[in-house]
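Dumped input-v2.cif below, it's mmCIF, C-alpha atoms:
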data_upload
loop_
_atom_site.label_atom_id
_atom_site.label_comp_id
_atom_site.auth_asym_id
_atom_site.auth_seq_id
_atom_site.Cartn_x
_atom_site.Cartn_y
_atom_site.Cartn_z
CA LYS J 1 15.18 -14.92 15.72
CA ALA J 2 17.27 -16.11 18.64
CA GLU J 3 16.08 -15.43 22.18
CA ARG J 4 18.02 -16.13 25.36
CA GLU J 5 16.57 -18.42 27.98
CA ALA J 6 15.57 -16.85 31.29
CA SER J 7 18.33 -18.56 33.31
CA PRO J 8 20.35 -17.09 36.18
CA ASP J 9 23.65 -17.39 34.37
CA GLY J 10 22.25 -16.15 31.04
CA GLN J 11 23.60 -19.12 29.12
CA GLY J 12 21.89 -20.91 26.24
CA ALA J 13 19.55 -19.77 23.47
CA PHE J 14 16.81 -21.18 21.32
CA LEU J 15 15.60 -20.38 17.79
CA ASN J 16 12.19 -18.83 17.34
CA PRO J 17 11.09 -18.77 13.66
CA ASP J 18 10.02 -15.38 12.39
CA ARG J 19 6.73 -16.25 10.72
CA GLY J 20 6.25 -12.71 9.55
CA ALA J 21 9.32 -12.79 7.33
CA TRP J 22 8.77 -11.86 3.69
CA LYS J 23 8.87 -14.83 1.34
CA SER J 24 11.02 -14.03 -1.69
CA THR J 25 11.17 -15.91 -4.98
CA PRO J 26 14.31 -18.07 -5.22
CA PRO J 27 16.75 -16.99 -7.93
CA THR J 28 17.03 -19.00 -11.13
CA TYR J 29 20.28 -20.69 -12.04
CA ILE J 30 20.40 -22.21 -15.52
CA ARG J 31 23.41 -24.31 -16.40
CA THR J 32 24.60 -23.68 -19.97
CA ASN J 33 27.63 -24.40 -22.11
CA GLU J 34 29.26 -22.52 -24.97
CA TYR J 35 26.73 -23.86 -27.48
CA THR J 36 23.49 -23.45 -25.53
CA GLU J 37 24.37 -20.13 -23.89
CA VAL J 38 23.29 -17.99 -26.84
CA PHE J 39 19.98 -19.83 -27.19
CA GLN J 40 19.32 -19.30 -23.49
CA GLU J 41 19.90 -15.59 -24.08
CA VAL J 42 17.26 -15.66 -26.82
CA VAL J 43 14.78 -17.23 -24.39
CA ASN J 44 15.69 -14.73 -21.68
CA THR J 45 14.74 -11.83 -23.96
CA TYR J 46 11.14 -13.05 -23.72
CA GLY J 47 11.28 -13.98 -20.06
CA ILE J 48 13.61 -15.68 -17.60
CA PRO J 49 12.23 -19.04 -16.39
CA ARG J 50 11.35 -19.07 -12.73
CA TYR J 51 12.82 -21.45 -10.17
CA GLN J 52 11.92 -25.09 -11.05
CA GLU J 53 9.95 -23.93 -14.11
CA ALA J 54 10.22 -25.75 -17.45
CA ASN J 55 12.92 -24.12 -19.55
CA PRO J 56 12.20 -24.09 -23.33
CA ALA J 57 15.81 -23.27 -24.24
CA LEU J 58 16.63 -26.92 -24.95
CA LEU J 59 13.88 -27.05 -27.58
CA THR J 60 14.91 -23.63 -28.89
CA VAL J 61 18.34 -25.05 -29.78
CA VAL J 62 16.58 -26.96 -32.59
CA THR J 63 13.38 -25.05 -33.34
CA PHE J 64 14.92 -21.57 -33.65
CA PRO J 65 17.49 -22.37 -36.38
CA PHE J 66 15.12 -24.84 -38.07
CA ILE J 67 12.33 -22.31 -38.54
CA PHE J 68 14.91 -19.73 -39.63
CA GLY J 69 16.12 -22.22 -42.23
CA MET J 70 12.57 -22.67 -43.51
CA MET J 71 12.33 -18.91 -44.11
CA TYR J 72 15.90 -18.49 -45.40
CA GLY J 73 16.18 -21.76 -47.30
CA ASP J 74 18.79 -21.32 -50.01
CA VAL J 75 21.89 -23.41 -50.60
CA GLY J 76 23.93 -20.40 -51.73
CA HIS J 77 22.97 -17.98 -48.98
CA GLY J 78 22.95 -20.75 -46.38
CA SER J 79 26.46 -21.84 -47.38
CA LEU J 80 27.74 -18.27 -46.98
CA LEU J 81 26.18 -18.10 -43.54
CA LEU J 82 27.59 -21.53 -42.70
CA MET J 83 31.10 -20.49 -43.71
CA ALA J 84 30.78 -17.30 -41.67
CA GLY J 85 29.72 -19.33 -38.63
CA ALA J 86 32.57 -21.80 -39.13
CA TRP J 87 35.04 -18.90 -39.33
CA LEU J 88 33.67 -17.40 -36.12
CA VAL J 89 33.98 -20.73 -34.31
CA GLN J 90 37.51 -21.28 -35.67
CA ASN J 91 38.68 -17.81 -34.58
CA ALA J 92 36.65 -17.59 -31.39
CA GLU J 93 39.54 -16.84 -29.05
CA SER J 94 40.66 -13.83 -31.06
CA LEU J 95 37.12 -12.43 -30.83
CA ARG J 96 36.52 -13.10 -27.14
CA PHE J 97 37.45 -9.59 -25.99
CA SER J 98 37.60 -7.61 -29.23
CA GLN J 99 34.16 -8.63 -30.55
CA PRO J 100 32.21 -10.14 -27.63
CA VAL J 101 28.89 -10.07 -29.51
CA LEU J 102 30.26 -12.13 -32.40
CA PHE J 103 32.00 -14.41 -29.92
CA SER J 104 28.70 -15.14 -28.13
CA ALA J 105 26.73 -15.61 -31.36
CA ARG J 106 29.23 -17.84 -33.18
CA TYR J 107 27.36 -21.10 -32.62
CA LEU J 108 24.04 -19.44 -33.38
CA VAL J 109 25.34 -18.26 -36.77
CA LEU J 110 26.77 -21.73 -37.43
CA SER J 111 23.45 -23.41 -36.61
CA LEU J 112 21.49 -20.96 -38.77
CA GLY J 113 23.81 -21.69 -41.69
CA ILE J 114 23.46 -25.46 -41.29
CA PHE J 115 19.66 -25.38 -41.24
CA ALA J 116 19.41 -22.77 -44.01
CA THR J 117 21.60 -24.93 -46.26
CA PHE J 118 19.56 -28.03 -45.44
CA ALA J 119 16.29 -26.22 -46.21
CA GLY J 120 17.86 -24.92 -49.43
CA PHE J 121 18.45 -28.50 -50.55
CA MET J 122 14.87 -29.33 -49.60
CA TYR J 123 13.62 -26.40 -51.70
CA ASN J 124 16.22 -27.21 -54.38
CA ASP J 125 17.17 -23.55 -54.52
CA PHE J 126 20.68 -22.24 -55.19
CA PHE J 127 20.48 -18.49 -55.75
CA SER J 128 17.10 -19.11 -57.45
CA ILE J 129 18.61 -21.85 -59.62
CA GLY J 130 17.45 -25.45 -59.38
CA LEU J 131 20.14 -28.05 -58.74
CA GLN J 132 19.90 -31.10 -60.98
CA LEU J 133 21.12 -33.53 -58.35
CA PHE J 134 18.88 -36.43 -59.43
CA PRO J 135 16.92 -37.31 -62.58
CA SER J 136 13.68 -35.36 -62.79
CA GLY J 137 10.33 -37.03 -62.29
CA PHE J 138 8.80 -35.02 -65.13
CA VAL J 139 9.42 -35.02 -68.87
CA ASP J 140 8.34 -32.75 -71.73
CA LYS J 141 7.47 -35.35 -74.35
CA ASP J 142 6.19 -33.02 -77.06
CA GLY J 143 8.51 -30.08 -76.37
CA ASN J 144 5.57 -27.71 -75.83
CA GLY J 145 6.25 -27.01 -72.16
CA GLN J 146 3.64 -29.48 -70.92
CA PHE J 147 5.43 -31.76 -68.46
CA THR J 148 4.03 -35.14 -67.52
CA PRO J 149 5.18 -37.23 -64.53
CA THR J 150 7.34 -40.26 -65.20
CA TYR J 151 6.88 -41.72 -61.72
CA ASP J 152 3.99 -43.77 -60.41
CA VAL J 153 1.49 -41.12 -59.27
CA THR J 154 -0.87 -43.81 -57.93
CA ASN J 155 1.84 -45.41 -55.76
CA SER J 156 1.04 -48.87 -57.12
CA GLY J 157 4.58 -50.23 -57.29
CA GLY J 158 6.07 -48.18 -60.12
CA PRO J 159 8.99 -45.71 -60.07
CA GLY J 160 9.04 -43.33 -57.14
CA PRO J 161 9.09 -39.51 -57.19
CA TYR J 162 12.11 -37.21 -56.88
CA PRO J 163 14.16 -38.78 -54.06
CA PHE J 164 15.07 -35.66 -52.05
CA GLY J 165 13.47 -32.24 -51.85
CA LEU J 166 11.71 -30.38 -54.63
CA ASP J 167 12.01 -31.59 -58.22
CA TRP J 168 14.16 -29.21 -60.26
CA ALA J 169 11.63 -29.38 -63.10
CA TRP J 170 9.51 -26.88 -61.14
CA VAL J 171 12.15 -24.18 -61.68
CA GLY J 172 10.96 -21.94 -64.48
CA ALA J 173 7.48 -23.46 -64.66
CA SER J 174 4.60 -21.06 -65.25
CA ASN J 175 3.03 -22.03 -61.90
CA GLU J 176 6.32 -22.23 -59.98
CA LEU J 177 5.58 -19.32 -57.65
CA LEU J 178 2.05 -20.54 -57.01
CA TYR J 179 3.23 -24.02 -56.06
CA VAL J 180 6.47 -23.20 -54.23
CA ASN J 181 5.06 -20.28 -52.22
CA SER J 182 2.06 -22.39 -51.25
CA LEU J 183 4.41 -25.19 -50.15
CA LYS J 184 6.57 -22.86 -48.05
CA MET J 185 3.56 -21.15 -46.50
CA LYS J 186 1.94 -24.43 -45.49
CA LEU J 187 5.20 -25.74 -44.01
CA SER J 188 5.73 -22.51 -42.06
CA VAL J 189 2.22 -22.56 -40.63
CA LEU J 190 2.44 -26.27 -39.80
CA PHE J 191 5.72 -26.06 -37.89
CA GLY J 192 4.82 -22.70 -36.33
CA VAL J 193 1.59 -24.08 -34.90
CA ALA J 194 3.39 -27.23 -33.74
CA GLN J 195 5.93 -25.08 -31.90
CA MET J 196 3.20 -23.03 -30.22
CA ILE J 197 1.39 -26.20 -29.12
CA VAL J 198 4.62 -27.49 -27.57
CA GLY J 199 4.91 -24.18 -25.73
CA LEU J 200 1.38 -24.58 -24.41
CA LEU J 201 2.19 -28.09 -23.24
CA LEU J 202 5.14 -26.68 -21.30
CA ARG J 203 2.73 -24.17 -19.78
CA TRP J 204 0.48 -27.08 -18.78
CA SER J 205 3.40 -28.87 -17.16
CA ASN J 206 4.30 -25.78 -15.14
CA ALA J 207 0.74 -25.35 -13.89
CA LEU J 208 0.44 -29.02 -12.94
CA TYR J 209 3.85 -29.06 -11.26
CA GLU J 210 2.98 -25.99 -9.19
CA LYS J 211 -0.50 -27.45 -8.49
CA ASN J 212 -1.99 -24.17 -9.70
CA MET J 213 -5.44 -25.30 -10.85
CA THR J 214 -6.58 -21.72 -11.40
CA ASP J 215 -4.02 -21.18 -14.14
CA PHE J 216 -4.64 -24.66 -15.53
CA ILE J 217 -8.42 -24.28 -15.82
CA PHE J 218 -8.77 -20.62 -16.70
CA GLU J 219 -5.60 -20.11 -18.74
CA CYS J 220 -4.04 -23.32 -20.03
CA ILE J 221 -7.18 -25.10 -21.22
CA PRO J 222 -8.74 -22.03 -22.94
CA MET J 223 -5.44 -21.30 -24.70
CA MET J 224 -5.25 -24.85 -26.04
CA ILE J 225 -8.91 -24.84 -27.12
CA PHE J 226 -8.43 -21.54 -28.95
CA MET J 227 -5.25 -22.80 -30.62
CA LEU J 228 -6.81 -26.04 -31.84
CA CYS J 229 -10.03 -24.39 -32.99
CA PHE J 230 -8.27 -21.54 -34.77
CA PHE J 231 -5.66 -23.65 -36.59
CA GLY J 232 -7.29 -27.08 -36.48
#

Rewrite the structure of this file - the entire thing - as structure tokens.
Amino acid sequence: KAEREASPDGQGAFLNPDRGAWKSTPPTYIRTNEYTEVFQEVVNTYGIPRYQEANPALLTVVTFPFIFGMMYGDVGHGSLLLMAGAWLVQNAESLRFSQPVLFSARYLVLSLGIFATFAGFMYNDFFSIGLQLFPSGFVDKDGNGQFTPTYDVTNSGGPGPYPFGLDWAWVGASNELLYVNSLKMKLSVLFGVAQMIVGLLLRWSNALYEKNMTDFIFECIPMMIFMLCFFG
């Protein structure tokens, strides 16, 4: 507030701070580009980061499509999604005003296709068909369906296992579903828990940066203890 000095000519003024003014929360401005914008929108659906708060969108650029690829891992389906994303990126300008949703999601679809295809190679799954990219590490010597490993299972200097992903000899095995589903479930739980722990660490950093020891002691630490005890 500005108040005039009590002078004969009425000239001059001084500033008197209004200590009773309401303190508002500063707005949040997050700088994005065409690639990260859609991932920031995904984060904003759960909550917009506050001013000077750690923004998980940068990690989401990798973790979101990667975990999707783990669930959707198939070379065939992933390649179709990848081609659809590449087409959207190639024809982005024609979709800017006619299909704004597809225009905004073009890089998201492209990223999902890339990671789904990569996970498909890791699972060695092409429309439920195993790809014989490398020689198998198992052989059916007697022709009775009993496969024995040809690689050094003791890791004592002999031949190594299948060089990349899942051995195609598992396709069609009697215990294929038991082994593959167990593998996928363990990977999903492992990376899901790792992502949640990273989120808790970001929560720790926010509490320490804001010097909010109440949140740190009564929220951050119990959440981490529960997470480690439940999944540890």

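The shortest atom-to-atom distance to Ser24 (chain J), with only C-alpha atoms taken into account, belongs to J:Tyr51 out of J:Tyr51, J:Phe138, J:Tyr209, J:Phe66.
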
Check your understanding: Hey, what comes out of the PyMOL selection byres ((chain J and resi 75) around 7) on this file? Could you write it as a ChimeraX atom specification?
Key -> /J:73-74,76-79,117,120-121,125-126

Exercise for review: Please write the residues picked by the PyMOL selection byres ((chain J and resi 172-177) around 12) on this file as JSON, numbers by chain.
Suggested key: {"J": [123, 125, 128, 129, 130, 138, 140, 145, 146, 147, 166, 167, 168, 169, 170, 171, 178, 179, 180, 181, 182, 183, 184, 185]}

Check your understanding: Which is closest to Pro56 (chain J) among J:Val109, J:Met196, J:Asp142, J:Met122, if we use all atoms listed in the file?
Key -> J:Met196

Review point. Using only C-alpha atoms, which of the listed residues (J:Ala119, J:Leu102, J:Met70, J:Ile114) sits closest to Gly165 (chain J)?
Key: J:Ala119

On this structure, which residues satisfy the PyMOL selection byres ((chain J and resi 85) around 9), written as a PDB file with C-alpha atoms, keeping the file's coordinate frame?
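Contents of out_3.pdb, freshly written:
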ATOM      1  CA  LEU J  80      27.740 -18.270 -46.980  1.00  0.00           C
ATOM      2  CA  LEU J  81      26.180 -18.100 -43.540  1.00  0.00           C
ATOM      3  CA  LEU J  82      27.590 -21.530 -42.700  1.00  0.00           C
ATOM      4  CA  MET J  83      31.100 -20.490 -43.710  1.00  0.00           C
ATOM      5  CA  ALA J  84      30.780 -17.300 -41.670  1.00  0.00           C
ATOM      6  CA  ALA J  86      32.570 -21.800 -39.130  1.00  0.00           C
ATOM      7  CA  TRP J  87      35.040 -18.900 -39.330  1.00  0.00           C
ATOM      8  CA  LEU J  88      33.670 -17.400 -36.120  1.00  0.00           C
ATOM      9  CA  VAL J  89      33.980 -20.730 -34.310  1.00  0.00           C
ATOM     10  CA  GLN J  90      37.510 -21.280 -35.670  1.00  0.00           C
ATOM     11  CA  ALA J 105      26.730 -15.610 -31.360  1.00  0.00           C
ATOM     12  CA  ARG J 106      29.230 -17.840 -33.180  1.00  0.00           C
ATOM     13  CA  TYR J 107      27.360 -21.100 -32.620  1.00  0.00           C
ATOM     14  CA  LEU J 108      24.040 -19.440 -33.380  1.00  0.00           C
ATOM     15  CA  VAL J 109      25.340 -18.260 -36.770  1.00  0.00           C
ATOM     16  CA  LEU J 110      26.770 -21.730 -37.430  1.00  0.00           C
ATOM     17  CA  SER J 111      23.450 -23.410 -36.610  1.00  0.00           C
ATOM     18  CA  LEU J 112      21.490 -20.960 -38.770  1.00  0.00           C
ATOM     19  CA  GLY J 113      23.810 -21.690 -41.690  1.00  0.00           C
TER      20      GLY J 113
END

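Remark: for Phe127 (chain J), the closest of the candidate residues J:Glu93, J:Val61, J:Tyr72, J:Asn206 is J:Tyr72 (distances computed over all atoms listed in the file).
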
Practice item. Would you work out the distance separating CA of Met223 (chain J) from CA of Lys186 (chain J), expressed in Å to one decimal? Key: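 Computing it gives 22.3 Å between the two atoms.
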
Practice item. Using all atoms listed in the file, find the one residue out of J:Ile48, J:Val38, J:Val139, J:Ala207 that sits nearest to Cys220 (chain J). Key: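 Of the candidates, the smallest distance to Cys220 (chain J) is held by J:Ala207.
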
Exercise for review: Please identify all polymer residues within 8 Å of Thr60 (chain J), counting all atoms listed in the file, omitting same-chain residues fewer than 3 positions from it, and present them as a list in words.
Suggested key: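 Selected residues are Phe39, Val43, Pro56, Ala57, Thr63 and Phe64 of chain J.
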
Practice item. State, in Å with one decimal place, the distance from CA of Thr28 (chain J) to CA of Arg50 (chain J). Key: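 Those two atoms sit 5.9 Å apart.
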
**Study point:** Distance in Å - CA of Glu53 (chain J) versus CA of Ser188 (chain J)
**Key:**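 So the two atoms, CA of Glu53 (chain J) and CA of Ser188 (chain J), lie 28.3 Å apart.
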
Box centre and edge lengths (Å, one decimal), axis-aligned, region 53-71 of chain J plus 6 Å each side, as AutoDock Vina command-line options:
--center_x 14.1 --center_y -23.0 --center_z -29.1 --size_x 20.4 --size_y 20.1 --size_z 42.0

Please fill the gaps in region 155-180 of chain J so it has N, CA and C atoms, and write that as a CSV table (one decimal), in the frame of the given file.
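Final file, out_9.csv:
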chain,number,residue,atom,x,y,z
J,155,ASN,N,1.1,-44.6,-56.8
J,155,ASN,CA,1.8,-45.4,-55.8
J,155,ASN,C,1.4,-46.9,-55.8
J,156,SER,N,1.4,-47.5,-57.0
J,156,SER,CA,1.0,-48.9,-57.1
J,156,SER,C,2.2,-49.8,-57.4
J,157,GLY,N,3.4,-49.4,-57.1
J,157,GLY,CA,4.6,-50.2,-57.3
J,157,GLY,C,5.5,-49.8,-58.4
J,158,GLY,N,5.2,-48.7,-59.1
J,158,GLY,CA,6.1,-48.2,-60.1
J,158,GLY,C,7.2,-47.3,-59.6
J,159,PRO,N,7.9,-46.6,-60.5
J,159,PRO,CA,9.0,-45.7,-60.1
J,159,PRO,C,8.5,-44.6,-59.1
J,160,GLY,N,9.4,-44.3,-58.2
J,160,GLY,CA,9.0,-43.3,-57.1
J,160,GLY,C,9.3,-41.9,-57.6
J,161,PRO,N,8.9,-40.9,-56.8
J,161,PRO,CA,9.1,-39.5,-57.2
J,161,PRO,C,10.5,-39.1,-57.0
J,162,TYR,N,10.8,-37.8,-57.1
J,162,TYR,CA,12.1,-37.2,-56.9
J,162,TYR,C,12.6,-37.6,-55.5
J,163,PRO,N,13.8,-38.2,-55.3
J,163,PRO,CA,14.2,-38.8,-54.1
J,163,PRO,C,14.4,-37.8,-52.9
J,164,PHE,N,14.8,-36.6,-53.2
J,164,PHE,CA,15.1,-35.7,-52.0
J,164,PHE,C,14.7,-34.2,-52.4
J,165,GLY,N,13.8,-33.6,-51.6
J,165,GLY,CA,13.5,-32.2,-51.8
J,165,GLY,C,12.5,-32.0,-53.0
J,166,LEU,N,12.6,-30.8,-53.5
J,166,LEU,CA,11.7,-30.4,-54.6
J,166,LEU,C,12.3,-30.7,-56.0
J,167,ASP,N,11.5,-31.2,-56.9
J,167,ASP,CA,12.0,-31.6,-58.2
J,167,ASP,C,12.5,-30.3,-59.0
J,168,TRP,N,13.6,-30.4,-59.6
J,168,TRP,CA,14.2,-29.2,-60.3
J,168,TRP,C,13.4,-28.8,-61.5
J,169,ALA,N,12.5,-29.7,-61.9
J,169,ALA,CA,11.6,-29.4,-63.1
J,169,ALA,C,10.7,-28.2,-62.8
J,170,TRP,N,10.4,-28.0,-61.5
J,170,TRP,CA,9.5,-26.9,-61.1
J,170,TRP,C,10.1,-25.5,-61.4
J,171,VAL,N,11.5,-25.4,-61.5
J,171,VAL,CA,12.2,-24.2,-61.7
J,171,VAL,C,11.9,-23.7,-63.1
J,172,GLY,N,11.3,-22.5,-63.2
J,172,GLY,CA,11.0,-21.9,-64.5
J,172,GLY,C,9.6,-22.3,-65.0
J,173,ALA,N,8.8,-23.1,-64.2
J,173,ALA,CA,7.5,-23.5,-64.7
J,173,ALA,C,6.6,-22.2,-64.5
J,174,SER,N,5.5,-22.2,-65.3
J,174,SER,CA,4.6,-21.1,-65.2
J,174,SER,C,3.9,-20.9,-63.9
J,175,ASN,N,3.7,-22.0,-63.2
J,175,ASN,CA,3.0,-22.0,-61.9
J,175,ASN,C,4.0,-22.3,-60.8
J,176,GLU,N,5.3,-22.0,-61.0
J,176,GLU,CA,6.3,-22.2,-60.0
J,176,GLU,C,6.0,-21.4,-58.7
J,177,LEU,N,5.8,-20.1,-58.8
J,177,LEU,CA,5.6,-19.3,-57.6
J,177,LEU,C,4.3,-19.8,-56.9
J,178,LEU,N,3.3,-20.1,-57.7
J,178,LEU,CA,2.0,-20.5,-57.0
J,178,LEU,C,2.3,-21.8,-56.2
J,179,TYR,N,3.0,-22.8,-56.8
J,179,TYR,CA,3.2,-24.0,-56.1
J,179,TYR,C,4.2,-23.9,-54.9
J,180,VAL,N,5.4,-23.3,-55.2
J,180,VAL,CA,6.5,-23.2,-54.2
J,180,VAL,C,6.1,-22.3,-53.1
